[in-house]
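*Asks:* Could you have a look at this structure, given as structure tokens, before my questions?
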Amino acid sequence: MLITHANLITWEEPNRILEDQAVYIDGEHIREIGPTGELTARHPEPAPLDLGGQYLLPGNICAHTHFYGAFARGMVIPGEAPPSFPYILEKLWWPLDRSLQPEDIRLSALACLIDAVKHGTTTLFDHHASPNAIDGSLDIIAEAVEQAGLRAVLCYEVSDRDGDTKARAGIAENIRFLKKQMNGSANRQLAATFGLHASLTLSDATLEACRQSAPPGTGFHIHAAEGDADQFDSLNKSGMRVVNRLGAHAILGPHSILAHCVRVDEREIDLLAESRSWVTHQPRSNMNNGVGVAPVETMLMSGVRLGLGNDGFSNAMWEEWKAAYLLQKAWHRDPRRMSGSNVAQMAAYTNAALANEYFPDAPIGRISPGAYADLIAVDYHPITPLTPGNLPWQIIFGFHESMVTTTIVGGRVLMKGRQLLTLDEAAIAAEARQAARRVWKRYEELF
């Protein structure tokens with residue numbers, strides 16, 4: 001494939017913006033970049049994909065999401081509104097995940113993947129839960145990911161909240177899927193990690209069982225210190241704060257992902273940095289749940305590898321950029337807080353580094369020869385000069401997900417001219433609406 005007349009945003013270090021360029025893709029990888037005239041002469045066949053001056057940049061990466069939560073959209077929670085995060089878990093998320101059957105898992109994943117393709121998110125780290133449909137659930141999601149053509153890192157969240165039998169089933173599902181990816185049956189669209197819900201729903205015995213079951217070098221994906229309840233529970237169970245407790249069970253490390261870390265103290269931040277664990281920030285979710293604001297600037301200054309996720313909100317990652325940028329200013333009542341450069345560091349560079357931990361065969365998240373051809377075209381017409389120095393602020397104040405016209409993953413075009421090529425949105429949405437009615441009915445029966 002030859003893409004022509006593109007203005008490239010390479011997201012290299014240092015980043016470059018190159019006008020009227022062409023990108024030659026061979027298989028899954030970018031092979032050449034250069035002026036449109038030069039590459040057109042060298043590669044006259046096939047007919048090029050002419051972007052007509054649109055921006056071409058690496059696809060967005062979401063470092064923490066929940067496909068299974070799609071059917072929460074518009075759902076009525078019975079009774080009074082939950083007054084705190086633990087009640088939100090008990091009244092919304094835990095009854096919802098218990099209501100999912102295999103077909104619901106498939107359709108909720110496909111709905112989220114459509115959202116990702118349309119809005120330029122090409123790699124996602126999903127964290128799944130379905131206590132009444134555990135066995136094989138990750139294969140269902142994997143098939144949806146393959147159908148969509150995106151990349152995803154999958155896991156099942158182990159928890160004690162539904163009893164020992166289901167905790168053991170969750171461990172088995174993680175191990176089965178991990179081994180499947182390790183044993184050569186893996187598709188380069190897919191990778192695996194070991195899912196854990198959160199410290200507050202995991203006993204010492206279950207944490208130890210997970211650690212002992214995991215193959216050497218396995219990383220864990222867990223919610224950590226999302227709210228005060230997680231810290232109170234950890235102190236009551238172990239006399240240690242959440243991050244320290246996870247460290248004591250060897251859950252931290254260079255392949256592990258800790259989502260949120262809203263209520264962490266300075267020593268926990270130091271431990272996160274020392275262990276080289278990854279942390280993900282989800283500002284829209286944190287605002288919605290009223291759990292507080294993560295100390296992201298302190299974590300960045302302390303050397304924590306901090307990325308950006310969405311926790312199941314729409315897969316329009318530039319919306320998460322905007323929220324991350326504005327939230328710190330409002331929280332601290334200081335407009336100097338949270339620079340656009342810090343947001344770009346999380347969302348572009350750290351997320352790409354995290355993705356490369358799980359897809360190491362070629363670089364992800366930059367336009368350069370040899371990198372995976374995971375690209376999006378954006379129909380953005382800046383009204384002020386766009387430079388590498390001001391790009392983060394152009395994205396925060398100018399980019400919008402509706403501007404994404406083309407999405408490519410591994411050299412495969414998933415959307416062209418805003419038309420989906422791998423998924424039938426209308427048909428999937430119609431199926432999902434019927435499935436959601438059944439899920440909502442099961443949910444209501446739990447009250």
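Chain identifiers are assigned as A, B, and so on, following the order in which chains appear in the structure tokens; residues are numbered from 1 within each chain, and ligands are numbered from 1 in order of appearance.
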Return as a ChimeraX atom specification the full set of residues in segment 218-435 of chain A whose backbone-based DSSP assignment is strand (DSSP E or B).
*Replies:* /A:220-224,257-260,278-281,305-308,372,375-378,404-409,412-416,419-420
*Asks:* Take the residues that were just selected and, keeping N, CA and C atoms, output them as a tab-separated table (two decimals), in the first residue's frame.
*Replies:*
chain	number	residue	atom	x	y	z
A	220	PHE	N	0.80	-8.50	35.66
A	220	PHE	CA	-0.56	-8.47	36.17
A	220	PHE	C	-1.21	-7.13	35.80
A	221	HIS	N	-2.52	-7.15	35.63
A	221	HIS	CA	-3.29	-5.94	35.33
A	221	HIS	C	-4.35	-5.83	36.42
A	222	ILE	N	-4.25	-4.81	37.28
A	222	ILE	CA	-5.08	-4.72	38.48
A	222	ILE	C	-5.47	-3.27	38.75
A	223	HIS	N	-6.68	-3.08	39.30
A	223	HIS	CA	-7.07	-1.76	39.83
A	223	HIS	C	-6.36	-1.57	41.17
A	224	ALA	N	-5.82	-0.39	41.40
A	224	ALA	CA	-5.07	-0.16	42.64
A	224	ALA	C	-5.39	1.22	43.20
A	257	ILE	N	0.53	-3.72	35.26
A	257	ILE	CA	-0.20	-2.48	35.03
A	257	ILE	C	-1.13	-2.25	36.21
A	258	LEU	N	-1.00	-1.10	36.86
A	258	LEU	CA	-1.87	-0.72	37.97
A	258	LEU	C	-2.74	0.45	37.51
A	259	ALA	N	-4.04	0.18	37.40
A	259	ALA	CA	-4.96	1.22	36.95
A	259	ALA	C	-5.35	2.13	38.11
A	260	HIS	N	-5.35	3.41	37.84
A	260	HIS	CA	-5.85	4.49	38.70
A	260	HIS	C	-4.80	5.04	39.67
A	278	TRP	N	3.87	-0.19	35.56
A	278	TRP	CA	3.14	0.77	34.75
A	278	TRP	C	1.89	1.21	35.53
A	279	VAL	N	1.55	2.48	35.44
A	279	VAL	CA	0.34	3.02	36.05
A	279	VAL	C	-0.47	3.68	34.94
A	280	THR	N	-1.80	3.55	35.01
A	280	THR	CA	-2.64	4.22	34.02
A	280	THR	C	-3.60	5.18	34.70
A	281	HIS	N	-3.79	6.31	34.06
A	281	HIS	CA	-4.65	7.40	34.56
A	281	HIS	C	-5.92	7.41	33.74
A	305	ARG	N	6.17	5.14	35.32
A	305	ARG	CA	5.79	4.99	33.92
A	305	ARG	C	4.26	5.08	33.84
A	306	LEU	N	3.78	6.27	33.49
A	306	LEU	CA	2.37	6.63	33.62
A	306	LEU	C	1.74	6.79	32.24
A	307	GLY	N	0.73	5.95	31.96
A	307	GLY	CA	0.01	6.03	30.70
A	307	GLY	C	-1.41	6.51	30.90
A	308	LEU	N	-2.20	6.43	29.83
A	308	LEU	CA	-3.56	6.98	29.82
A	308	LEU	C	-4.52	5.91	29.31
A	372	TYR	N	5.19	-1.05	13.00
A	372	TYR	CA	3.88	-1.55	12.57
A	372	TYR	C	3.11	-0.41	11.90
A	375	LEU	N	-2.04	3.16	11.82
A	375	LEU	CA	-2.09	4.57	11.43
A	375	LEU	C	-3.52	5.07	11.38
A	376	ILE	N	-3.67	6.37	11.61
A	376	ILE	CA	-4.97	7.02	11.43
A	376	ILE	C	-4.78	8.30	10.63
A	377	ALA	N	-5.76	8.60	9.79
A	377	ALA	CA	-5.77	9.87	9.04
A	377	ALA	C	-6.78	10.80	9.68
A	378	VAL	N	-6.37	12.06	9.85
A	378	VAL	CA	-7.18	13.04	10.57
A	378	VAL	C	-7.38	14.27	9.68
A	404	VAL	N	-11.37	11.78	12.42
A	404	VAL	CA	-10.69	10.57	11.96
A	404	VAL	C	-11.43	10.02	10.73
A	405	THR	N	-10.72	9.90	9.61
A	405	THR	CA	-11.35	9.43	8.37
A	405	THR	C	-10.91	8.02	8.00
A	406	THR	N	-9.71	7.62	8.41
A	406	THR	CA	-9.15	6.34	7.99
A	406	THR	C	-8.42	5.71	9.17
A	407	THR	N	-8.61	4.42	9.36
A	407	THR	CA	-7.93	3.68	10.42
A	407	THR	C	-7.30	2.43	9.80
A	408	ILE	N	-6.01	2.24	10.07
A	408	ILE	CA	-5.23	1.13	9.51
A	408	ILE	C	-4.50	0.44	10.66
A	409	VAL	N	-4.54	-0.88	10.71
A	409	VAL	CA	-3.80	-1.63	11.72
A	409	VAL	C	-3.04	-2.76	11.03
A	412	ARG	N	-3.64	-3.21	7.36
A	412	ARG	CA	-5.00	-3.53	6.93
A	412	ARG	C	-5.91	-2.34	7.17
A	413	VAL	N	-6.63	-1.92	6.15
A	413	VAL	CA	-7.52	-0.76	6.27
A	413	VAL	C	-8.82	-1.22	6.93
A	414	LEU	N	-9.11	-0.64	8.10
A	414	LEU	CA	-10.32	-0.99	8.85
A	414	LEU	C	-11.44	0.02	8.62
A	415	MET	N	-11.07	1.23	8.29
A	415	MET	CA	-12.04	2.27	7.98
A	415	MET	C	-11.41	3.18	6.93
A	416	LYS	N	-12.17	3.50	5.90
A	416	LYS	CA	-11.70	4.37	4.83
A	416	LYS	C	-12.80	5.35	4.49
A	419	GLN	N	-15.96	5.03	6.41
A	419	GLN	CA	-16.77	3.85	6.19
A	419	GLN	C	-16.06	2.63	6.80
A	420	LEU	N	-16.72	1.95	7.73
A	420	LEU	CA	-16.14	0.76	8.35
A	420	LEU	C	-16.07	-0.36	7.33
*Asks:* Residues within 7 Å of segment 379-391 of chain A, please, as a list in words. Count only C-alpha atoms; anything in the same chain fewer than 6 positions from it doesn't count.
*Replies:*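 Contacts, with the query itself left out: Asn15, Arg16, Ile17, Gln54, Tyr55, Phe399, Met403, Val404 and Thr405 of chain A.
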*Asks:* Could you dump the residues just selected with C-alpha atoms as a compact mmCIF listing (two decimals), in the first residue's frame?
*Replies:*
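Result file follows (selection_35.txt):
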# COMPACT_ATOMS: atom_id res chain seq x y z
CA ASN A 15 8.72 14.28 17.07
CA ARG A 16 8.64 15.46 13.48
CA ILE A 17 5.90 16.97 11.32
CA GLN A 54 -4.82 15.13 5.86
CA TYR A 55 -2.61 14.41 8.85
CA PHE A 399 -8.57 17.65 17.45
CA MET A 403 -12.03 14.13 12.27
CA VAL A 404 -10.69 10.57 11.96
CA THR A 405 -11.35 9.43 8.37
*Asks:* Could you tell me which of A:Asp334, A:Glu357, A:Asp20, A:Glu208 comes closest to Val153 of chain A if we count only C-alpha atoms?
*Replies:* A:Glu357
*Asks:* Tell me which of A:Asp104, A:Asp230, A:Glu173, A:Asp160 sits closest to Ser203 of chain A, counting only C-alpha atoms.
*Replies:*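 Among the listed residues, A:Asp160 lies closest to Ser203 of chain A.
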*Asks:* Which is closer to Phe71 of chain A than all the others in A:Leu8, A:Ala22, A:Ala436, A:Leu110, using only C-alpha atoms?
*Replies:*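 Of the candidates, the smallest distance to Phe71 of chain A is held by A:Ala436.
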*Asks:* Given the choices A:Glu268, A:Glu401, A:Asp135, A:Glu19, which gets closest to Phe177 of chain A if the distance is worked out from only C-alpha atoms?
*Replies:*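 Once distances to Phe177 of chain A are computed over only C-alpha atoms, the minimum belongs to A:Asp135.
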*Asks:* Considering only C-alpha atoms, can you say which of A:Asp115, A:Glu28, A:Asp50, A:Asp97 comes closest to Asp424 of chain A?
*Replies:*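 Residue with the minimum atom-to-atom distance to Asp424 of chain A: A:Asp115.
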*Asks:* Rank A:Thr4, A:Ser341, A:Thr36, A:Asn174 by their smallest atom-to-atom distance to Ser137 of chain A, using only C-alpha atoms, and report the top residue only.
*Replies:*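 Using only C-alpha atoms, the shortest distance to Ser137 of chain A belongs to A:Asn174.
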*Asks:* Return as a list in words the full set of residues in segment 119-167 of chain A whose backbone-based DSSP assignment is alpha helix (DSSP H).
*Replies:* Ser137, Leu138, Asp139, Ile140, Ile141, Ala142, Glu143, Ala144, Val145, Glu146, Gln147, Ala148, Asp164, Thr165, Lys166 and Ala167 of chain A
*Asks:* Rounded to one decimal, what separation in Å do you get between atom CA of Ala316 of chain A and atom CA of Val343 of chain A?
*Replies:*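 Computing the Euclidean distance for atom CA of Ala316 of chain A and atom CA of Val343 of chain A yields 14.9 Å.
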*Asks:* Could you name the residues that touch Thr218 of chain A at 12 Å or less, counting only C-alpha atoms, but leaving out those on the same chain fewer than 5 positions away, as a list in words?
*Replies:*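 The residues that qualify are Cys155, Asn174, Ile175, Leu178, Lys179, Gln181, Met182, Ala191, Ala192, Thr193, Phe194, Gly195, Cys210, Arg211, Gln212, Ser213, Ala250, Ile251, Leu252, Gly253, Pro254, His255, Ser256, Ile257, Glu357 and Tyr358 of chain A.
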*Asks:* With N, CA and C atoms retained, write the just-selected residues as a CSV table (one decimal), in the first residue's frame.
*Replies:*
chain,number,residue,atom,x,y,z
A,155,CYS,N,-7.2,-9.9,29.5
A,155,CYS,CA,-7.1,-10.7,30.8
A,155,CYS,C,-8.5,-10.8,31.4
A,174,ASN,N,-7.2,-17.1,32.9
A,174,ASN,CA,-6.0,-16.3,32.6
A,174,ASN,C,-4.9,-17.2,32.2
A,175,ILE,N,-4.7,-18.3,32.9
A,175,ILE,CA,-3.6,-19.2,32.6
A,175,ILE,C,-3.8,-19.9,31.2
A,178,LEU,N,-3.1,-17.2,28.6
A,178,LEU,CA,-1.7,-16.8,28.5
A,178,LEU,C,-0.9,-17.9,27.8
A,179,LYS,N,-1.2,-19.2,28.1
A,179,LYS,CA,-0.5,-20.3,27.5
A,179,LYS,C,-0.8,-20.4,26.0
A,181,GLN,N,-1.4,-17.9,24.0
A,181,GLN,CA,-0.6,-16.9,23.4
A,181,GLN,C,0.9,-17.2,23.3
A,182,MET,N,1.4,-17.9,24.4
A,182,MET,CA,2.8,-18.3,24.4
A,182,MET,C,3.2,-19.5,23.6
A,191,ALA,N,-2.4,-10.2,22.7
A,191,ALA,CA,-1.5,-10.5,23.7
A,191,ALA,C,-2.3,-10.7,25.0
A,192,ALA,N,-1.6,-11.2,26.0
A,192,ALA,CA,-2.3,-11.5,27.3
A,192,ALA,C,-1.5,-11.1,28.5
A,193,THR,N,-2.2,-10.7,29.5
A,193,THR,CA,-1.6,-10.5,30.8
A,193,THR,C,-2.6,-11.2,31.8
A,194,PHE,N,-2.2,-11.1,33.1
A,194,PHE,CA,-3.0,-11.8,34.2
A,194,PHE,C,-3.8,-10.8,34.9
A,195,GLY,N,-5.2,-10.9,34.8
A,195,GLY,CA,-6.1,-9.9,35.4
A,195,GLY,C,-6.4,-10.2,36.9
A,210,CYS,N,-2.5,-16.7,42.6
A,210,CYS,CA,-2.3,-16.1,41.2
A,210,CYS,C,-0.8,-16.0,40.9
A,211,ARG,N,0.0,-15.5,41.9
A,211,ARG,CA,1.4,-15.4,41.7
A,211,ARG,C,2.0,-16.8,41.4
A,212,GLN,N,1.6,-17.8,42.1
A,212,GLN,CA,2.2,-19.1,41.9
A,212,GLN,C,1.8,-19.7,40.6
A,213,SER,N,0.6,-19.4,40.1
A,213,SER,CA,0.0,-20.0,38.9
A,213,SER,C,0.6,-19.3,37.7
A,250,ALA,N,4.6,-9.8,45.2
A,250,ALA,CA,5.3,-9.9,44.0
A,250,ALA,C,4.4,-9.6,42.8
A,251,ILE,N,3.4,-8.8,43.0
A,251,ILE,CA,2.5,-8.4,41.9
A,251,ILE,C,3.1,-7.2,41.1
A,252,LEU,N,3.9,-6.4,41.7
A,252,LEU,CA,4.5,-5.3,41.0
A,252,LEU,C,5.6,-5.8,40.1
A,253,GLY,N,6.0,-4.9,39.1
A,253,GLY,CA,7.1,-5.3,38.3
A,253,GLY,C,7.0,-4.7,36.9
A,254,PRO,N,8.0,-4.9,36.0
A,254,PRO,CA,8.1,-4.2,34.8
A,254,PRO,C,7.1,-4.6,33.7
A,255,HIS,N,6.3,-5.7,34.0
A,255,HIS,CA,5.2,-6.1,33.0
A,255,HIS,C,3.8,-5.8,33.6
A,256,SER,N,3.8,-5.3,34.8
A,256,SER,CA,2.4,-5.2,35.5
A,256,SER,C,1.9,-3.8,35.3
A,257,ILE,N,0.5,-3.7,35.3
A,257,ILE,CA,-0.2,-2.5,35.0
A,257,ILE,C,-1.1,-2.2,36.2
A,357,GLU,N,5.8,-3.4,25.1
A,357,GLU,CA,6.1,-4.5,26.0
A,357,GLU,C,5.4,-5.8,25.6
A,358,TYR,N,4.2,-5.6,25.1
A,358,TYR,CA,3.3,-6.8,24.8
A,358,TYR,C,3.3,-7.1,23.3
*Asks:* Write out as a compact mmCIF listing (two decimals) with C-alpha atoms, in the first residue's frame each polymer residue whose atoms come within 9 Å of segment 234-248 of chain A, counting only C-alpha atoms; drop sequence neighbours fewer than 4 positions from it.
*Replies:*
# COMPACT_ATOMS: atom_id res chain seq x y z
CA SER A 199 -6.81 -5.49 46.49
CA LEU A 200 -10.15 -4.99 48.26
CA SER A 203 -7.40 -12.34 49.89
CA ASP A 204 -3.77 -13.07 50.59
CA LEU A 207 -3.05 -13.29 45.52
CA ALA A 224 -5.07 -0.16 42.64
CA ALA A 225 -6.04 2.50 45.18
CA ALA A 229 -12.03 1.91 50.42
CA ASP A 230 -9.19 0.01 48.76
CA LEU A 252 4.48 -5.25 41.00
CA GLY A 253 7.09 -5.30 38.25
CA CYS A 261 -3.55 4.85 41.77
CA VAL A 264 -1.45 6.64 46.79
CA ASP A 265 1.09 8.32 49.08
CA ARG A 267 6.18 6.01 49.53
CA GLU A 268 3.81 4.08 47.28
CA ILE A 269 4.78 6.34 44.38
CA LEU A 271 7.73 1.91 45.10
CA LEU A 272 5.88 2.14 41.79
CA SER A 275 9.55 -1.55 40.61
*Asks:* Could you pull the residues within 12 Å of Arg73 of chain A, counting only C-alpha atoms, minus those fewer than 2 positions along the same chain, as a VMD selection string?
*Replies:* chain A and resid 67 to 71 75 to 77 92 to 93 96 108 111 to 112 312 to 314 432 to 433 436 to 437 439 to 440
*Asks:* Neighbours of Pro131 of chain A within 9 Å (only C-alpha atoms; same-chain residues fewer than 5 positions away dropped), as a PyMOL selection string?
*Replies:* chain A and resi 97-100+162+166-167+169-170
*Asks:* Write a file of the selected residues as a PDB file, in the first residue's frame, keeping C-alpha atoms.
*Replies:*
ATOM      1  CA  ASP A  97     -20.951  -8.430  35.118  1.00  0.00           C
ATOM      2  CA  ARG A  98     -22.966 -11.279  36.731  1.00  0.00           C
ATOM      3  CA  SER A  99     -25.650 -10.709  34.081  1.00  0.00           C
ATOM      4  CA  LEU A 100     -23.398 -11.375  31.085  1.00  0.00           C
ATOM      5  CA  ASP A 162     -18.145 -14.410  43.914  1.00  0.00           C
ATOM      6  CA  LYS A 166     -15.163 -18.640  40.572  1.00  0.00           C
ATOM      7  CA  ALA A 167     -11.874 -17.157  41.758  1.00  0.00           C
ATOM      8  CA  ALA A 169     -12.039 -20.383  37.426  1.00  0.00           C
ATOM      9  CA  GLY A 170     -10.748 -16.859  36.804  1.00  0.00           C
TER      10      GLY A 170
END
*Asks:* Between atom CA of Leu57 of chain A and atom CA of Gln345 of chain A, what is the spacing in Å?
*Replies:*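 Value for the atom CA of Gln345 of chain A-atom CA of Leu57 of chain A distance: 15.5 Å.
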*Asks:* Near Ala109 of chain A, within 12 Å and counting only C-alpha atoms, which residues show up once chain neighbours fewer than 2 positions away are dropped, as an NGL selection string?
*Replies:* :A and (65-71 or 100 or 102-107 or 111-116 or 124 or 126-129 or 137-148 or 150 or 152 or 154 or 312 or 315 or 423 or 428-429 or 432)
